[in-house]
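Asks: Input protein-v2.txt, format and content: compact mmCIF, C-alpha atoms.
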# COMPACT_ATOMS: atom_id res chain seq x y z
CA MET A 27 84.19 96.86 103.57
CA HIS A 28 83.55 99.55 106.18
CA GLU A 29 84.45 102.28 103.69
CA ILE A 30 80.73 102.93 103.10
CA SER A 31 80.22 103.94 106.72
CA ILE A 32 83.46 105.94 106.59
CA ALA A 33 82.22 107.76 103.44
CA GLN A 34 78.87 108.47 105.13
CA SER A 35 80.65 109.94 108.17
CA ILE A 36 82.79 112.16 105.91
CA ILE A 37 79.67 113.47 104.17
CA GLU A 38 77.81 114.05 107.47
CA ILE A 39 80.74 116.08 108.83
CA ALA A 40 80.99 118.08 105.59
CA GLU A 41 77.22 118.73 105.48
CA ALA A 42 77.18 119.99 109.07
CA LYS A 43 79.97 122.45 108.25
CA ALA A 44 78.27 123.58 105.02
CA ARG A 45 75.01 124.22 106.90
CA GLU A 46 76.90 126.43 109.35
CA GLN A 47 77.95 128.48 106.31
CA ASN A 48 74.37 128.60 104.99
CA SER A 49 75.56 126.77 101.91
CA ARG A 50 73.53 124.16 100.10
CA CYS A 51 76.19 122.78 97.79
CA ILE A 52 79.57 121.27 98.63
CA GLN A 53 82.08 121.33 95.79
CA VAL A 54 85.19 119.81 97.35
CA ILE A 55 85.87 117.69 100.44
CA LYS A 56 89.54 117.35 101.35
CA ILE A 57 90.60 114.56 103.71
CA ARG A 58 93.89 113.25 105.09
CA LEU A 59 94.19 109.46 105.11
CA GLY A 60 97.07 107.79 106.92
CA GLU A 61 98.78 104.69 105.50
CA PHE A 62 98.54 102.96 108.87
CA THR A 63 94.73 102.81 109.01
CA THR A 64 92.32 100.13 107.86
CA VAL A 65 90.81 102.34 105.16
CA VAL A 66 91.67 101.54 101.52
CA ARG A 67 91.85 104.60 99.29
CA GLU A 68 90.31 103.00 96.19
CA ALA A 69 87.49 101.43 98.20
CA LEU A 70 86.79 104.79 99.88
CA GLU A 71 86.67 106.57 96.50
CA PHE A 72 84.16 104.02 95.25
CA ALA A 73 82.12 104.19 98.46
CA PHE A 74 82.03 108.00 98.24
CA GLU A 75 80.50 107.83 94.74
CA VAL A 76 77.65 105.77 96.19
CA ALA A 77 77.22 107.60 99.50
CA ARG A 78 77.10 111.14 98.06
CA GLN A 79 73.85 110.49 96.14
CA GLU A 80 71.04 112.84 97.25
CA THR A 81 73.25 114.71 99.72
CA MET A 82 74.69 118.24 99.69
CA ALA A 83 77.88 116.59 98.40
CA GLU A 84 76.16 115.09 95.37
CA ASN A 85 78.48 116.94 92.99
CA ALA A 86 81.46 117.17 95.29
CA ARG A 87 84.96 116.01 94.50
CA LEU A 88 86.73 113.98 97.20
CA GLU A 89 90.39 114.94 97.48
CA ILE A 90 92.48 112.44 99.44
CA GLU A 91 95.94 113.28 100.75
CA THR A 92 97.79 110.11 101.72
CA VAL A 93 99.86 110.52 104.88
CA PRO A 94 102.89 108.19 105.01
CA MET A 95 103.67 106.22 108.13
CA VAL A 96 106.44 107.71 110.26
CA VAL A 97 107.91 106.12 113.39
CA ARG A 98 110.28 107.34 116.08
CA CYS A 99 112.42 105.71 118.74
CA VAL A 100 112.11 107.37 122.13
CA ALA A 101 115.74 106.50 122.96
CA CYS A 102 117.58 106.82 119.63
CA GLY A 103 115.49 109.67 118.29
CA PRO A 104 115.90 109.24 114.54
CA VAL A 105 112.78 109.06 112.48
CA THR A 106 112.49 106.39 109.84
CA ASP A 107 110.43 107.67 106.99
CA PRO A 108 108.61 106.08 105.31
CA VAL A 109 108.12 102.62 106.79
CA ARG A 110 108.26 99.83 104.22
CA GLU A 111 107.49 96.76 106.25
CA VAL A 112 105.83 97.27 109.59
CA CYS A 113 108.34 96.42 112.31
CA LEU A 114 107.90 98.56 115.38
CA ILE A 115 111.03 97.52 117.24
CA CYS A 116 114.03 99.84 116.97
CA SER A 117 116.80 98.11 115.02
CA GLU A 118 119.42 100.04 117.03
CA CYS A 119 118.32 99.58 120.64
CA GLY A 120 115.41 97.11 120.55
CA LEU A 121 112.91 99.47 122.23
CA PRO A 122 109.34 99.88 120.92
CA LEU A 123 108.92 102.51 118.19
CA GLU A 124 106.22 105.17 118.38
CA VAL A 125 103.93 105.82 115.43
CA VAL A 126 104.05 109.60 114.93
CA ALA A 127 102.20 109.80 111.61
CA GLY A 128 100.10 107.54 109.42
CA GLU A 129 97.04 107.05 111.63
CA GLU A 130 95.16 110.12 110.29
CA LEU A 131 91.56 109.93 109.15
CA GLN A 132 90.53 113.54 109.13
CA VAL A 133 88.33 115.95 107.18
CA GLU A 134 90.62 118.95 106.51
CA TYR A 135 88.38 121.41 104.73
CA ILE A 136 85.44 121.75 102.39
CA GLU A 137 84.87 124.15 99.52
CA VAL A 138 81.39 125.56 99.10
CA GLU A 139 79.91 128.05 96.66
CA SER A 140 80.69 131.60 97.78
CA VAL A 141 78.03 134.17 98.61
CA ALA A 142 78.82 135.99 95.36
CA GLU A 143 78.17 132.81 93.34
CA ARG A 144 74.79 132.35 95.01
CA VAL A 145 73.31 135.69 93.92
CA MET B 25 84.41 129.14 95.90
CA ASP B 26 84.94 129.53 99.66
CA ARG B 27 87.28 127.20 101.50
CA VAL B 28 86.09 126.37 105.03
CA SER B 29 88.41 124.68 107.50
CA VAL B 30 86.89 121.59 109.16
CA GLN B 31 89.71 119.68 110.97
CA THR B 32 87.44 116.95 112.25
CA ASN B 33 88.24 113.28 112.80
CA VAL B 34 86.04 111.16 110.54
CA LEU B 35 85.28 108.82 113.46
CA LYS B 36 84.30 111.66 115.81
CA ALA B 37 80.70 110.49 116.30
CA ASN B 38 81.91 107.02 117.25
CA GLN B 39 84.53 108.42 119.60
CA GLU B 40 81.93 110.51 121.40
CA ALA B 41 79.66 107.48 121.84
CA ALA B 42 82.67 105.42 123.03
CA ARG B 43 83.46 108.09 125.63
CA GLU B 44 79.88 107.84 126.97
CA ASN B 45 80.14 104.03 127.13
CA ARG B 46 83.47 104.28 128.95
CA ARG B 47 81.93 106.64 131.52
CA LEU B 48 79.11 104.15 132.14
CA PHE B 49 81.56 101.23 132.49
CA GLU B 50 83.64 103.18 134.98
CA ARG B 51 80.56 104.17 136.97
CA GLU B 52 79.48 100.52 137.19
CA GLY B 53 83.03 99.36 138.01
CA THR B 54 82.98 96.97 135.05
CA VAL B 55 86.15 95.90 133.24
CA VAL B 56 85.27 95.59 129.55
CA ILE B 57 87.06 93.48 126.94
CA ASN B 58 86.64 94.07 123.22
CA LEU B 59 87.39 90.59 121.86
CA MET B 60 88.43 90.53 118.20
CA SER B 61 89.79 88.01 115.69
CA ALA B 62 89.29 86.56 112.23
CA PRO B 63 86.24 84.28 111.89
CA GLY B 64 86.94 80.88 113.41
CA ALA B 65 90.00 81.82 115.49
CA GLY B 66 88.18 80.79 118.67
CA LYS B 67 86.55 83.88 120.19
CA THR B 68 83.53 82.02 121.52
CA SER B 69 85.68 79.04 122.59
CA LEU B 70 87.98 81.32 124.58
CA LEU B 71 84.91 82.96 126.11
CA GLU B 72 83.45 79.60 127.12
CA ALA B 73 86.77 78.52 128.64
CA THR B 74 87.08 81.86 130.46
CA ILE B 75 83.56 81.58 131.86
CA ARG B 76 84.31 78.04 133.13
CA GLY B 77 87.57 79.26 134.66
CA LEU B 78 86.31 82.43 136.32
CA ARG B 79 82.57 82.13 136.98
CA ASP B 80 82.97 81.04 140.61
CA ARG B 81 85.12 84.07 141.38
CA CYS B 82 83.72 86.84 139.25
CA HIS B 83 80.40 88.11 137.89
CA LEU B 84 80.55 87.99 134.07
CA ALA B 85 78.28 89.09 131.25
CA VAL B 86 78.66 88.94 127.47
CA ILE B 87 77.58 90.99 124.46
CA GLU B 88 77.84 89.09 121.17
CA GLY B 89 78.21 90.72 117.77
CA ASP B 90 77.39 88.77 114.62
CA LEU B 91 76.01 89.53 111.18
CA GLN B 92 73.20 86.99 111.65
CA THR B 93 71.85 84.47 114.24
CA ASP B 94 72.01 84.42 118.03
CA LEU B 95 73.85 81.07 118.13
CA ASP B 96 76.83 82.49 120.02
CA ALA B 97 74.66 84.23 122.65
CA GLN B 98 72.87 80.90 123.10
CA ARG B 99 76.20 79.09 123.66
CA ILE B 100 77.00 81.57 126.43
CA ARG B 101 73.53 81.32 128.01
CA ASP B 102 73.93 77.52 128.07
CA LEU B 103 76.78 78.11 130.53
CA GLY B 104 74.46 80.10 132.80
CA VAL B 105 75.89 83.52 131.92
CA ARG B 106 73.76 86.49 130.90
CA SER B 107 74.32 87.45 127.26
CA HIS B 108 72.91 89.86 124.71
CA GLN B 109 73.13 89.44 120.93
CA ILE B 110 73.68 92.34 118.56
CA THR B 111 73.00 91.37 114.96
CA THR B 112 74.58 93.88 112.62
CA GLY B 113 72.89 92.73 109.39
CA THR B 114 75.53 93.50 106.81
CA VAL B 115 77.84 95.68 108.91
CA CYS B 116 81.26 94.07 109.37
CA HIS B 117 82.09 95.51 112.81
CA LEU B 118 80.49 96.71 116.05
CA ASP B 119 80.52 100.44 116.71
CA ALA B 120 80.07 102.35 119.96
CA ARG B 121 76.50 103.36 119.17
CA MET B 122 75.40 99.73 118.67
CA VAL B 123 76.89 98.90 122.08
CA ALA B 124 75.22 101.96 123.66
CA ARG B 125 71.83 100.81 122.31
CA ALA B 126 72.42 97.30 123.71
CA LEU B 127 73.30 98.77 127.12
CA VAL B 128 69.91 100.47 127.38
CA GLU B 129 68.26 97.08 127.88
CA PHE B 130 71.24 95.08 129.17
CA SER B 131 72.00 96.10 132.76
CA LEU B 132 75.57 96.04 134.04
CA ARG B 133 74.59 96.23 137.71
CA GLY B 134 77.12 94.13 139.64
CA VAL B 135 78.93 92.94 136.51
CA GLU B 136 82.70 92.83 137.11
CA LEU B 137 83.73 91.65 133.65
CA LEU B 138 81.86 92.34 130.41
CA VAL B 139 83.21 90.71 127.28
CA ILE B 140 82.06 92.18 123.96
CA GLU B 141 82.68 89.62 121.24
CA ASN B 142 83.13 91.60 118.04
CA VAL B 143 82.21 90.48 114.51
CA GLY B 144 84.84 88.07 113.14
CA ASN B 145 87.05 90.39 111.07
CA LEU B 146 90.65 91.57 111.40
CA ILE B 147 90.20 94.86 109.54
CA CYS B 148 87.21 97.08 110.30
CA PRO B 149 86.75 96.51 114.08
CA ALA B 150 90.25 97.96 114.63
CA SER B 151 88.96 101.46 113.80
CA TYR B 152 85.98 101.50 116.18
CA ASP B 153 86.54 102.18 119.87
CA LEU B 154 83.65 100.71 121.86
CA GLY B 155 84.68 102.27 125.17
CA GLU B 156 86.46 99.08 126.28
CA SER B 157 89.18 98.88 128.93
CA LEU B 158 91.13 96.19 127.06
CA ARG B 159 91.47 95.14 123.46
CA VAL B 160 92.11 91.42 123.16
CA VAL B 161 92.96 89.99 119.73
CA ILE B 162 93.07 86.25 119.09
CA CYS B 163 95.21 84.72 116.37
CA SER B 164 94.83 80.99 115.92
CA VAL B 165 98.01 79.10 115.10
CA ALA B 166 96.27 77.49 112.12
CA GLU B 167 95.98 80.91 110.42
CA GLY B 168 99.74 80.93 109.79
CA ALA B 169 102.69 82.75 111.35
CA GLU B 170 102.41 85.81 109.06
CA LYS B 171 98.91 86.88 110.18
CA PRO B 172 100.09 89.76 112.44
CA LYS B 173 102.21 91.18 109.59
CA LYS B 174 99.29 91.02 107.18
CA TYR B 175 96.92 92.84 109.56
CA PRO B 176 99.31 95.14 111.41
CA VAL B 177 96.79 97.80 112.48
CA MET B 178 94.60 95.30 114.35
CA PHE B 179 97.55 93.68 116.13
CA HIS B 180 99.23 97.03 116.80
CA LYS B 181 96.20 98.31 118.72
CA ALA B 182 95.82 95.21 120.93
CA ASP B 183 96.58 95.27 124.66
CA VAL B 184 96.59 91.48 124.73
CA VAL B 185 97.24 88.99 121.92
CA VAL B 186 96.11 85.40 122.48
CA LEU B 187 97.70 82.73 120.27
CA ASN B 188 95.03 80.04 120.29
CA LYS B 189 95.01 76.40 119.07
CA THR B 190 98.61 75.70 120.11
CA ASP B 191 97.68 72.00 119.87
CA LEU B 192 97.50 72.45 116.08
CA ALA B 193 100.99 73.96 115.68
CA ILE B 194 102.66 70.80 114.38
CA ALA B 195 99.75 69.84 112.10
CA SER B 196 99.68 73.43 110.72
CA ARG B 197 103.49 73.52 110.37
CA VAL B 198 103.59 76.81 112.20
CA ASP B 199 106.50 77.74 114.45
CA LEU B 200 104.96 79.37 117.54
CA ARG B 201 108.15 81.35 118.18
CA GLU B 202 107.97 82.88 114.71
CA LEU B 203 104.29 83.77 115.22
CA GLU B 204 105.10 85.42 118.55
CA LYS B 205 108.03 87.30 116.99
CA ASN B 206 105.70 88.66 114.31
CA VAL B 207 103.25 89.83 117.00
CA ARG B 208 106.11 91.59 118.85
CA GLU B 209 107.27 93.33 115.69
CA VAL B 210 103.93 95.05 115.10
CA ASN B 211 103.20 95.44 118.82
CA PRO B 212 106.19 95.30 121.18
CA LYS B 213 104.03 96.32 124.17
CA ALA B 214 101.29 93.67 124.00
CA THR B 215 100.88 90.97 126.63
CA VAL B 216 100.97 87.65 124.77
CA PHE B 217 99.44 84.31 125.80
CA ALA B 218 99.85 81.01 123.93
CA LEU B 219 97.09 78.55 124.77
CA SER B 220 94.69 75.92 123.55
CA CYS B 221 91.00 76.06 124.42
CA THR B 222 90.76 72.39 123.36
CA THR B 223 93.47 70.89 125.57
CA GLY B 224 93.46 73.61 128.24
CA GLU B 225 97.21 74.22 127.83
CA GLY B 226 98.16 77.76 128.86
CA LEU B 227 94.68 78.74 130.06
CA ASN B 228 95.65 79.13 133.72
CA ALA B 229 98.12 81.92 132.94
CA TRP B 230 95.37 83.79 131.05
CA PHE B 231 92.88 83.31 133.93
CA ALA B 232 95.40 84.54 136.50
CA TRP B 233 96.24 87.63 134.45
CA LEU B 234 92.57 88.43 133.93
CA ARG B 235 91.75 88.00 137.62
CA ASP B 236 94.51 90.46 138.47
CA ALA B 237 93.24 92.92 135.88
CA ILE B 238 89.72 92.74 137.31
CA ALA B 239 90.95 92.98 140.89
CA SER B 240 93.07 96.05 140.27
CA ARG B 241 90.51 97.77 137.99
CA SER B 242 93.34 100.11 137.28
CA ILE B 243 93.40 99.47 133.57
CA THR B 244 93.18 102.76 131.78
CA ALA B 245 91.69 102.83 128.35
CA ALA B 246 94.33 102.70 125.68
CA ALA B 247 91.84 103.07 122.85
CA GLY B 248 90.00 106.15 121.75
CA THR B 249 92.66 107.86 119.70
What would you get if you wrote out this structure as structure tokens?

Replies:
Amino acid sequence: MHEISIAQSIIEIAEAKAREQNSRCIQVIKIRLGEFTTVVREALEFAFEVARQETMAENARLEIETVPMVVRCVACGPVTDPVREVCLICSECGLPLEVVAGEELQVEYIEVESVAERV
Amino acid sequence: MDRVSVQTNVLKANQEAARENRRLFEREGTVVINLMSAPGAGKTSLLEATIRGLRDRCHLAVIEGDLQTDLDAQRIRDLGVRSHQITTGTVCHLDARMVARALVEFSLRGVELLVIENVGNLICPASYDLGESLRVVICSVAEGAEKPKKYPVMFHKADVVVLNKTDLAIASRVDLRELEKNVREVNPKATVFALSCTTGEGLNAWFAWLRDAIASRSITAAAGT
């Protein structure tokens, strides 16, 4: 259950960006979460509820975009999308497949109150 | 509402600390193994066997990660090897900052091989680069042939996969070839060793490979993505 530390990192990154904007209140945090990571979406959502207490993201909504796993064979080229069962050997030529998507764990953007809303 | 682009990896702080660790390891000329497995797969047993096999030829040191107790560090010290225990409390993995803090008081001067034994867990440690040169994942035969398929991220990121407890294959009704095939399917590039720390079967091949790796010191870090 490392989703708590993942949620804390998300909030720290969002807070740093909000401070740069002189904002005190984060309304939305959007992240991209790959299928081929060790982070479980439901566990992260729960962890976020706990971790956001008494932070600038206290009332923020966490939006999670799931990124499907995509693999590619260097020799054969075709991309299998999405991967159902993880087998990273090309069924055509037997060479190792490359993971080209699905390992993302990234804060995309935040939404903060605008200057007009503050006055 | 104003939308502000961030585009930052969630694990950025860990990656920066891992980069610092890696710089230190390279400066000291130390090859570093991040040793990972489920609890009870034989991390400390493999370490003990490796120390017995290599200590006359190479200067080793060990950092142990556990939730509680320094029992594992004690086992290593009993073999005459310097070791440092990190107790994580409730945290289920080591991260690069914990290792950096340990390195402040644990000198690497002259150490050719540092093994960092991670917390027993096949999930969370996969995400945290420690700055290691090699990721070694142990799967004991008794865990069943499907283990690599159930934890694909951990096995996918390994440079080396050690199949331990080969002496228990018949008793566990596990076909070693099937287990190895499952490792290959999630990680076609890994170097695989099948061995038993109890009987000693297969250990020499592992020692020889490790000696070469230390001698060449040409291993470039695969982690850190």

Asks: Could you check how far CA of Val96 in chain A sits from CA of Glu111 in chain A, in Å to one decimal?

Replies: 11.7 Å

Asks: Quick one: 4 Å padding each side, axis-aligned, all listed atoms of range 63-70 of chain B - centre and edge lengths in Å to one decimal, as AutoDock Vina command-line options?

Replies:
--center_x 86.8 --center_y 81.7 --center_z 118.2 --size_x 14.5 --size_y 13.2 --size_z 20.7

Asks: Compute the chain A side of the contact with chain B at 7 Å, counting all atoms listed in the file, and hand it back as a list in words.

Replies: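 Close to chain B, chain A has His28, Ser35, Ile36, Phe62, Thr63, Thr64, Val112, Cys113, Leu114, Ile115, Pro122, Leu131, Gln132, Val133, Glu134, Tyr135, Ile136, Glu137, Val138, Glu139 and Ser140 of chain A.
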
Asks: Do you have the CA of Val86 in chain B-CA of Ile57 in chain B distance handy?

Replies: 9.6 Å

Asks: Have a look at CA of Leu70 in chain A and CA of Arg125 in chain B and let me know their distance in Å, one decimal.

Replies: 27.3 Å

Asks: Could you check which of B:Glu170, B:Glu88, B:Glu156, B:Glu72 is closest to Arg201 in chain B, using all atoms listed in the file?

Replies: B:Glu170

Asks: Tell me which protein, DNA and RNA residues are within 12 Å of Ile194 in chain B, counting all atoms listed in the file, leaving out same-chain ones fewer than 6 positions away, and put them as a ChimeraX atom specification.

Replies: /B:165-166,168,200

Asks: Measuring atom to atom with all atoms listed in the file, identify which of B:Ala195, B:Ala237, B:Val56, B:Leu48 is nearest to Ile140 in chain B.

Replies: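 Closest to Ile140 in chain B, using all atoms listed in the file: B:Val56.
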